[in-house]
Each structure stands twice: as structure tokens, then as C-alpha cells.
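*Asks:* Let me begin by handing over the structure; questions about it come next.
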Protein chains: 2
Amino acid sequence: MNSLPASIDIHTHLIPEHIPPFAQRFGYGGFIRMEHHCPGCARMMKDDVLFREIEANNWDASSRLSDCDRHGVGIQVLSTVPVMFSYWTPPRDGAAVAAFLNDHLAEFVAGNPSRFQGLGTLPMQDTELSLRELDRFEALGLRGVQIGSNINQRNLDDPAFFPIFEEMARRGLALFVHPWDMMGSDDMKRYWLLWLVGMPAESSRALCSLIFGGVLERLPSLRVAIAHGGGSFPATLGRIQHGFDVRPDLVALDNAIPPRDYLGRFWVDSLVHDPHDLANLLRLVGDDKIVMGSDYPYPLGEAVPGELVRNMPWPDAVKAKVLRHNAEAWLYGN
Amino acid sequence: MNSLPASIDIHTHLIPEHIPPFAQRFGYGGFIRMEHHCPGCARMMKDDVLFREIEANNWDASSRLSDCDRHGVGIQVLSTVPVMFSYWTPPRDGAAVAAFLNDHLAEFVAGNPSRFQGLGTLPMQDTELSLRELDRFEALGLRGVQIGSNINQRNLDDPAFFPIFEEMARRGLALFVHPWDMMGSDDMKRYWLLWLVGMPAESSRALCSLIFGGVLERLPSLRVAIAHGGGSFPATLGRIQHGFDVRPDLVALDNAIPPRDYLGRFWVDSLVHDPHDLANLLRLVGDDKIVMGSDYPYPLGEAVPGELVRNMPWPDAVKAKVLRHNAEAWLYGN
């Protein structure tokens, strides 16, 4: 491990310690508020319903950094918790939530710029307001944007989103796609199925939409990374490619280039929890295109960020790429 | 290829050439009817909307057998097209549709029992009527049942289904789970996403429900096969297992045995369209538990059933198992 560089963890979530009373400000519910019920712990409440029990490492820089130091993480790339996206609100309110989160994130990063980098959020329900928020990213020092795998159940090939992606490409901002608002929400309430089945499907839905909708094709400089190793996309690509081959009338509507050709064109994080799957991912996307991501600080993530990568039977040069250098390429475009 | 046995294709769909006018009989729409608009071809119509263009090999024994002979298929295991399940109807009507399909299937099999075997369908929306229909299976000579990955969006761990599975186990009937009625139906209308993203997720949902709900555990003799290589389950098992490990309070509610322990306990078909994925499947479930399935006669299936298996770098003994002997074990329990 000593010969390996300090890692960059591109998939970590940050939530502000204090969240304004948005429900009160906007006059309707559905927002997350924080209940600090004991030292170092809090309840994320959606109105009066418990959403998640969390601890100080969700919002506190020093507890995050002590975890990082223990785990060999040099830089955490921070993004909000998807439940904060607020795509469902009237646009002006969503823009206000995004601005609050981005201001907080920028300030958090500025407090320790050698250890933290930030991916902002956008009010994706409104193209103009998203473009306006993007105007602030350079001043805020944010390196990219995290978006959901769908926006109010509209897929990422929706023409409303293209100007936003185009502007991100123009500005050299990285795009991180995170599953959320999962298909099947009404019917997979037991056994955590939305996280274990729905989320991998969401990542595949997002990638298929970006590919078949021609977004990746039209924006070759847009640097896209997908959470959870691309979800179910890599391992069901045989079916996806076959569908494209046999029914181009249904699949190749907006892009004639086969999905398999996009392997190596996007990044995926390493969060697959299985060495065989990670090896397969490397075979598919190449050793330049896996970036380490842990979903810190959540239990469904990797408890020791990068441990799976370090334990792979790969040369150190490959591990160094996956642990750090690929993330630099994705984040900074170099 | 000559040293390999004639194959058994466990995943082929049959539709009767003529379907009774169910809409007229029951007094409401939503059923499939056949429009034979030219010799050897037909339109499956849902009321007045085109569902699928099909050809005679959907219903005609001799055209099926000539395809089989050309492809080295010894036995086709026939099941209805999932759109015919009719789980959504009032129970008595669904039972009537199932009885019609099972009678037709039995007759079709009886016409050439050395080349065809049948998986019947059940009115799964009603436990009692399903059990009553199962009573007819022995006389009809049907070897098992095909069910959907969910039943009107209720998952397969629902207690209403357990007596049906129990009775199938008691009778030694095989169970084939086919994805259908896909999650995300309202929002993935473009690029065939329901088939390319939704179906693999449905298979994972079904398997997770059977495992976490304790169905496989409580019915060790129930022989279950999942379509499309188990969908996204095998390649996202790292995440599924990790979820089970870190949040047993959410996942291990009804069964304390880890999902990974069920590898080798169920069968999957070989329809993954990719040699690496098929090799990985064999590593996971073992060479006893992959059965050849082609989704004949549909284009998203394998055009030459078993071709992928025959081209694998496996010993002939393994290919023979996958092409035939494993299907015998699944179908006949020996």
C-alpha cells in the first residue's frame, strides 16, 4: 500500500449540519430537515418522517479528515445526498435549495481545498435556472455536477437537459450520475430492494439514455462518471447490444453507433463489492476509466474506501490509476 | 457439435393460432386477439393496438420443428407469451384464460411429445383457483409452470403465492420465472428500455424476493429457473450481498441466510448474449445450473439456440450438461 498514492474518492456525500426551514420558507412540505438529537448524531427528517439516522462525519470536516487519514484517502470529492436534489419543487424553489447547497459546499471545500473537491447540484427541472446556477460554479470553485439518474422520471436524453450538459462540457465540468428516485418505488418496499435492485437498474437507464439519446455522441468532451460501477449496465450489455442489433427500429432511433462502442468513453466508480465484478469492469471499460468511489459515509458503501482496489491482483501502476490518476483525469480533464 | 446431444431449449414461447374473443366473452377489453392478415403471419392485437407482429413459428408445430432440426434442438419447452398471463383480470376470468392456454398447450405437446414439453400458466391473482388449475397439470401432462417476475406488482415473497409454490414442489413441477410487467413502465418508453433495462431488473427483483422472503429456503425441493441468465442479479450480487451484510435490519427480515449461499440452488437460462457473462455465470452458479434457453422465436432471443454455449471454451461434457442434461434435471427432477 505504501507505494500507492493517496487516493481520490469521487463518491462521497456531504450534508450541511444545519438546513434552512425550506418548508416554512416555501409554504409546503417534502424537504429534509435535521434533528440534532444527541452530540455527533442527527436524524434526517422528511417533514415528520425519519429518512435516515446519520453521524457527524456527514457534515463535520474534522471527522471526515480523520477517517480519510486512516484510510489513505487524499481527496474526497463531495456531493450532496440525492434526497436533497429537490427536482420536484417549483423551479425557483429548487434553484434556491441548489444555491444554498452549492454555497455550503463551496465554503466547505474552501476550508480545506487540498483535501476536498466539490460537485454541485442544479435545479434540473428548469434549464434556464440550471444554466444560471452553472454560471456561479467557477467562482464557487466547484469541479463538476452530480445529477440523478432521472429527473422527475424524465430520462437524461430529454432535450431539456442537453443545453445543461453542453454548458458543462464547455466549462470543463465533470458530471457524476447517481441513481435515485428509483423505478419500482411503489412496489419494492421490502428487503431494501429499491437500493439493491432499483439503483443498479437506474444507473443502466441513465447510461442507456445518454448513449441511445446521442448525448455522449454529441458531446465528446463531456466527462461522465456513473456510480456503482455503472450499475447493471456492464453485465447486461450483451442484452443491450443485442437489442440494438436486432431492433434498430426501436433502439437506434437517435444514434446509429452501437452501445458497446461507448465502453472506454465514460468513467465508472469502483463500488461493486466483488473482485470478479471489478476485474470484469476493468476488462470492459479499461484501466483508465475506473475511479475509486466509496459512497462514504454510508453503510452500503465501502467501509474502507479503496480496499477492494488495493486487494486486486493488479500491478501497482493500474491500482494507482484507479485509486487516483483516473479521478484527476475525470475531475480536471487532464 | 456432433459429439454434443440434441439440446433442450427451456425458454420458448407458444401462442395459439386462434384465441377466443375474451373481450366479448367477459365484457371488457385488454385481451390479446390474433389478426391473421397474410399467410403465415399475424398481428397480436391488444384490443385495437398492435402489440407484436408474429409469424407462423409462434403457433405452428411443423415450422417450429423444422427450425429445431436445423438448430440441433431436440426438445422445445413451451410456455405462453407473458402478455397472455391475464393476472390483471377478475380471478374467474383469469382462470378461464389459463385453462384455455393450458388445454391448448397440452394438446400441442401431445401432438409431438418427443419434441415438445409444456410449462403451463396459472391465475396467480387467486391462490385457490391456481391450486385448482394445478390439479389438472398431471392429466394435461404439463411439466411445470411459467410465472411472471411480479404478479400485479406484488412480489413473489407475498404469502398469497406460497401455497402455490408449495403445491408445485409437492407435485415435482418445475418453475420458470419470466420478467414482465416491468418496473418503470410509465417512464421508459423509448429505446426499448423496458426490455433492455427493466427486464433484467425484474429478474433480480424476482430472485431477491424468493431468497429474502425465504421461499427457496422453505421449499428446498422447488426447482426454480430464471430467464435471461438471472437478469441483473448475478452481476450485482456483490451489492446485494453487501446490503444484506450491513443492513440485516432491512434485508434479513424473513431469512437469515446470505443471498450468496443460494448460488447453485436455482437454475438460470443461458440467454446472456456474451461469452464473458456466460463464463461468469458458470463460475457463480456452477455447471449444473445453467440451462439452454433461447426465447424462441423472438429477435431479442438467440437466433440459433445454443450457439453461444457451443462456442464456449468448455469441455464437451460441460456443454452437454448446459445444452441438455441440466434441463432434464430441472424439468424432471432427476
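Convention: chains lettered A, B, ... in C-alpha cells order; per-chain residue numbering from 1; ligands numbered from 1 as shown.
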May I have the residues within 10 Å of segment 74-81 of chain B as number ranges by chain, using only C-alpha atoms and disregarding those fewer than 5 positions away in the same chain?

*Replies:* B: 5-16, 58, 64-65, 68-69, 98, 101-102, 105-106, 108-109, 112-121, 142-147, 176, 178, 180, 293-296, 323-324, 327, 331

*Asks:* Please identify every residue of chain A that has at least one atom no farther than 6 Å from an atom of chain B, counting only C-alpha atoms, and for each give the shortest atom pair and the distance in Å to one decimal, arranged by chain then increasing number, as a Markdown table.

*Replies:*
```
| residue | atom | partner | partner_atom | distance |
| --- | --- | --- | --- | --- |
| A:Gln153 | CA | B:Asp187 | CA | 6.0 |
| A:Met183 | CA | B:Gly184 | CA | 4.8 |
| A:Gly184 | CA | B:Met183 | CA | 4.8 |
| A:Asp187 | CA | B:Gln153 | CA | 6.0 |
| A:Tyr191 | CA | B:Val251 | CA | 4.1 |
| A:Trp192 | CA | B:Leu250 | CA | 5.9 |
| A:Leu196 | CA | B:Ile240 | CA | 5.3 |
| A:Ala201 | CA | B:Ala201 | CA | 5.9 |
| A:Ser232 | CA | B:Ser232 | CA | 5.7 |
| A:Ala235 | CA | B:Ala235 | CA | 5.8 |
| A:Gly238 | CA | B:His273 | CA | 4.8 |
| A:Arg239 | CA | B:His273 | CA | 5.9 |
| A:Ile240 | CA | B:Leu196 | CA | 5.3 |
| A:Gly243 | CA | B:Leu300 | CA | 5.8 |
| A:Leu250 | CA | B:Tyr191 | CA | 5.5 |
| A:Val251 | CA | B:Tyr191 | CA | 4.1 |
| A:Val272 | CA | B:Gly238 | CA | 6.0 |
| A:His273 | CA | B:Gly238 | CA | 4.8 |
| A:Asp274 | CA | B:Gly238 | CA | 5.1 |
| A:Leu300 | CA | B:Gly243 | CA | 5.8 |
```

*Asks:* Keeping only N, CA, C and O atoms, take the residues you just selected and write them out as a short mmCIF file (atom, residue, chain, number, x, y, z; two decimals), in the first residue's frame.

*Replies:*
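Just written: selection.cif:
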```cif
data_model
loop_
_atom_site.label_atom_id
_atom_site.label_comp_id
_atom_site.auth_asym_id
_atom_site.auth_seq_id
_atom_site.Cartn_x
_atom_site.Cartn_y
_atom_site.Cartn_z
N GLN A 153 -38.51 11.49 -13.27
CA GLN A 153 -38.83 10.38 -14.17
C GLN A 153 -38.67 10.72 -15.66
O GLN A 153 -39.08 9.94 -16.51
N MET A 183 -37.06 3.47 -10.12
CA MET A 183 -38.17 2.75 -10.72
C MET A 183 -38.62 1.65 -9.76
O MET A 183 -37.80 1.08 -9.04
N GLY A 184 -39.92 1.39 -9.76
CA GLY A 184 -40.45 0.35 -8.88
C GLY A 184 -40.71 0.81 -7.45
O GLY A 184 -41.01 0.00 -6.57
N ASP A 187 -43.60 -0.47 -5.38
CA ASP A 187 -43.85 -1.91 -5.23
C ASP A 187 -42.66 -2.70 -4.68
O ASP A 187 -42.76 -3.90 -4.51
N TYR A 191 -37.15 -5.47 1.98
CA TYR A 191 -35.82 -6.05 1.73
C TYR A 191 -34.85 -5.06 1.05
O TYR A 191 -33.91 -5.49 0.37
N TRP A 192 -35.09 -3.76 1.22
CA TRP A 192 -34.17 -2.75 0.67
C TRP A 192 -34.06 -2.88 -0.85
O TRP A 192 -33.05 -2.53 -1.45
N LEU A 196 -31.09 -2.26 -3.73
CA LEU A 196 -30.32 -3.42 -4.21
C LEU A 196 -30.69 -3.82 -5.64
O LEU A 196 -29.86 -4.39 -6.36
N ALA A 201 -30.49 -0.71 -11.69
CA ALA A 201 -31.28 -0.50 -12.91
C ALA A 201 -31.29 0.97 -13.29
O ALA A 201 -31.22 1.32 -14.48
N SER A 232 -26.24 -2.03 -13.36
CA SER A 232 -26.41 -3.28 -14.10
C SER A 232 -26.00 -3.17 -15.56
O SER A 232 -26.02 -4.17 -16.28
N ALA A 235 -22.89 -5.58 -16.98
CA ALA A 235 -23.14 -7.03 -17.01
C ALA A 235 -24.37 -7.40 -17.82
O ALA A 235 -24.63 -8.58 -18.03
N GLY A 238 -24.52 -7.37 -22.97
CA GLY A 238 -24.79 -8.35 -24.02
C GLY A 238 -26.22 -8.22 -24.53
O GLY A 238 -26.47 -8.20 -25.73
N ARG A 239 -27.15 -8.14 -23.59
CA ARG A 239 -28.56 -7.99 -23.96
C ARG A 239 -28.83 -6.63 -24.62
O ARG A 239 -29.55 -6.54 -25.61
N ILE A 240 -28.24 -5.59 -24.05
CA ILE A 240 -28.46 -4.24 -24.58
C ILE A 240 -27.94 -4.14 -26.01
O ILE A 240 -28.61 -3.63 -26.90
N GLY A 243 -30.15 -6.15 -28.33
CA GLY A 243 -31.37 -5.41 -28.62
C GLY A 243 -31.15 -4.35 -29.69
O GLY A 243 -31.96 -4.19 -30.61
N LEU A 250 -36.31 0.21 -32.96
CA LEU A 250 -36.73 0.63 -31.62
C LEU A 250 -35.61 1.32 -30.85
O LEU A 250 -35.87 2.19 -30.02
N VAL A 251 -34.37 0.92 -31.11
CA VAL A 251 -33.27 1.35 -30.24
C VAL A 251 -32.39 2.43 -30.89
O VAL A 251 -32.00 3.40 -30.23
N VAL A 272 -18.39 -1.96 -6.47
CA VAL A 272 -19.13 -3.15 -6.88
C VAL A 272 -19.04 -4.29 -5.86
O VAL A 272 -19.70 -5.32 -6.02
N HIS A 273 -18.20 -4.13 -4.84
CA HIS A 273 -18.18 -5.06 -3.71
C HIS A 273 -17.78 -6.48 -4.10
O HIS A 273 -18.15 -7.42 -3.37
N ASP A 274 -17.13 -6.66 -5.20
CA ASP A 274 -16.78 -8.02 -5.62
C ASP A 274 -15.58 -7.96 -6.56
O ASP A 274 -15.64 -7.26 -7.58
N LEU A 300 -23.91 1.12 2.82
CA LEU A 300 -23.96 0.36 1.57
C LEU A 300 -22.71 0.63 0.73
O LEU A 300 -22.47 -0.02 -0.29
#
```

*Asks:* What does the structure give for the distance between atom CA of Leu175 of chain B and atom CA of Arg310 of chain B, in Å to one decimal?

*Replies:*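 Separation of atom CA of Leu175 of chain B and atom CA of Arg310 of chain B: 25.5 Å.
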
*Asks:* So that I can check the surroundings of Leu207 of chain A, please list as a PyMOL selection string every protein, DNA and RNA residue that reaches within 9 Å of it, counting only C-alpha atoms and ignoring chain neighbours fewer than 6 positions away.

*Replies:* chain A and resi 149+156+177+226+230+233

*Asks:* Restricted to all heavy atoms, what would the selected residues look like written as a short mmCIF file (atom, residue, chain, number, x, y, z; two decimals), in the first residue's frame?

*Replies:*
```cif
data_model
loop_
_atom_site.label_atom_id
_atom_site.label_comp_id
_atom_site.auth_asym_id
_atom_site.auth_seq_id
_atom_site.Cartn_x
_atom_site.Cartn_y
_atom_site.Cartn_z
N SER A 149 -30.23 9.89 -11.76
CA SER A 149 -30.34 9.01 -12.93
C SER A 149 -31.57 9.33 -13.76
O SER A 149 -31.67 8.91 -14.92
CB SER A 149 -30.39 7.56 -12.45
OG SER A 149 -31.38 7.40 -11.44
N LEU A 156 -32.42 11.03 -19.21
CA LEU A 156 -31.34 12.01 -19.43
C LEU A 156 -31.15 12.38 -20.89
O LEU A 156 -30.38 13.28 -21.21
CB LEU A 156 -30.03 11.49 -18.83
CG LEU A 156 -30.06 11.24 -17.31
CD1 LEU A 156 -28.68 10.85 -16.80
CD2 LEU A 156 -30.58 12.46 -16.55
N VAL A 177 -23.24 10.85 -12.31
CA VAL A 177 -24.65 10.42 -12.35
C VAL A 177 -24.89 9.42 -11.23
O VAL A 177 -24.22 8.38 -11.15
CB VAL A 177 -25.00 9.78 -13.70
CG1 VAL A 177 -26.47 9.36 -13.72
CG2 VAL A 177 -24.71 10.74 -14.85
N ILE A 226 -20.36 7.25 -13.77
CA ILE A 226 -21.59 6.64 -13.28
C ILE A 226 -21.27 5.91 -11.98
O ILE A 226 -20.27 5.19 -11.89
CB ILE A 226 -22.15 5.63 -14.30
CG1 ILE A 226 -22.09 6.18 -15.73
CG2 ILE A 226 -23.57 5.21 -13.93
CD1 ILE A 226 -23.12 7.17 -16.10
N GLY A 230 -21.43 1.58 -12.74
CA GLY A 230 -22.35 1.60 -13.88
C GLY A 230 -23.60 0.78 -13.63
O GLY A 230 -24.38 0.54 -14.55
N PHE A 233 -25.60 -1.98 -16.01
CA PHE A 233 -25.26 -1.81 -17.43
C PHE A 233 -24.15 -2.74 -17.90
O PHE A 233 -24.34 -3.47 -18.89
CB PHE A 233 -24.90 -0.34 -17.71
CG PHE A 233 -24.52 -0.06 -19.14
CD1 PHE A 233 -25.48 0.30 -20.08
CD2 PHE A 233 -23.19 -0.15 -19.56
CE1 PHE A 233 -25.13 0.56 -21.40
CE2 PHE A 233 -22.84 0.10 -20.87
CZ PHE A 233 -23.81 0.46 -21.80
#
```

*Asks:* Between atom CA of Asp126 of chain B and atom CA of Glu166 of chain B, what distance in Å does the model show, to one decimal?

*Replies:*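 A separation of 14.8 Å between them.
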
*Asks:* Calculated over only C-alpha atoms, which of the candidates B:Arg52, B:Arg170, B:His104, B:Arg92 has the smallest distance to Ile19 of chain B?

*Replies:*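 Once distances to Ile19 of chain B are computed over only C-alpha atoms, the minimum belongs to B:His104.
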
*Asks:* From the list A:Ile164, A:Ala320, A:Ile54, A:Leu4, which residue is nearest Leu134 of chain A when using only C-alpha atoms?

*Replies:*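 Of the candidates, the smallest distance to Leu134 of chain A is held by A:Ile164.
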
*Asks:* Just how far from atom CA of Met312 of chain B is atom CA of Gly264 of chain B, in Å to one decimal?

*Replies:*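 Result for atom CA of Gly264 of chain B versus atom CA of Met312 of chain B: 20.1 Å, one decimal.
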
*Asks:* Do a neighbour search on Pro91 of chain B at 12 Å with only C-alpha atoms, toss out local chain neighbours closer than 5 positions, and write the hits as a ChimeraX atom specification.

*Replies:* /B:26,85-86,96-98,122-130

*Asks:* Name the residues of segment 66-227 of chain A that fall into helix (DSSP H, G or I) according to DSSP on the backbone, using the chain letters and numbers of this document, as a ChimeraX atom specification.

*Replies:* /A:66-71,82-84,91-110,127-134,137-140,159-171,193-212,215-218

*Asks:* Write down as a PyMOL selection string the residues of segment 124-293 of chain A whose backbone DSSP state falls under strand (DSSP E).

*Replies:* chain A and resi 144-148+174-178+223-226+267-269+290-291
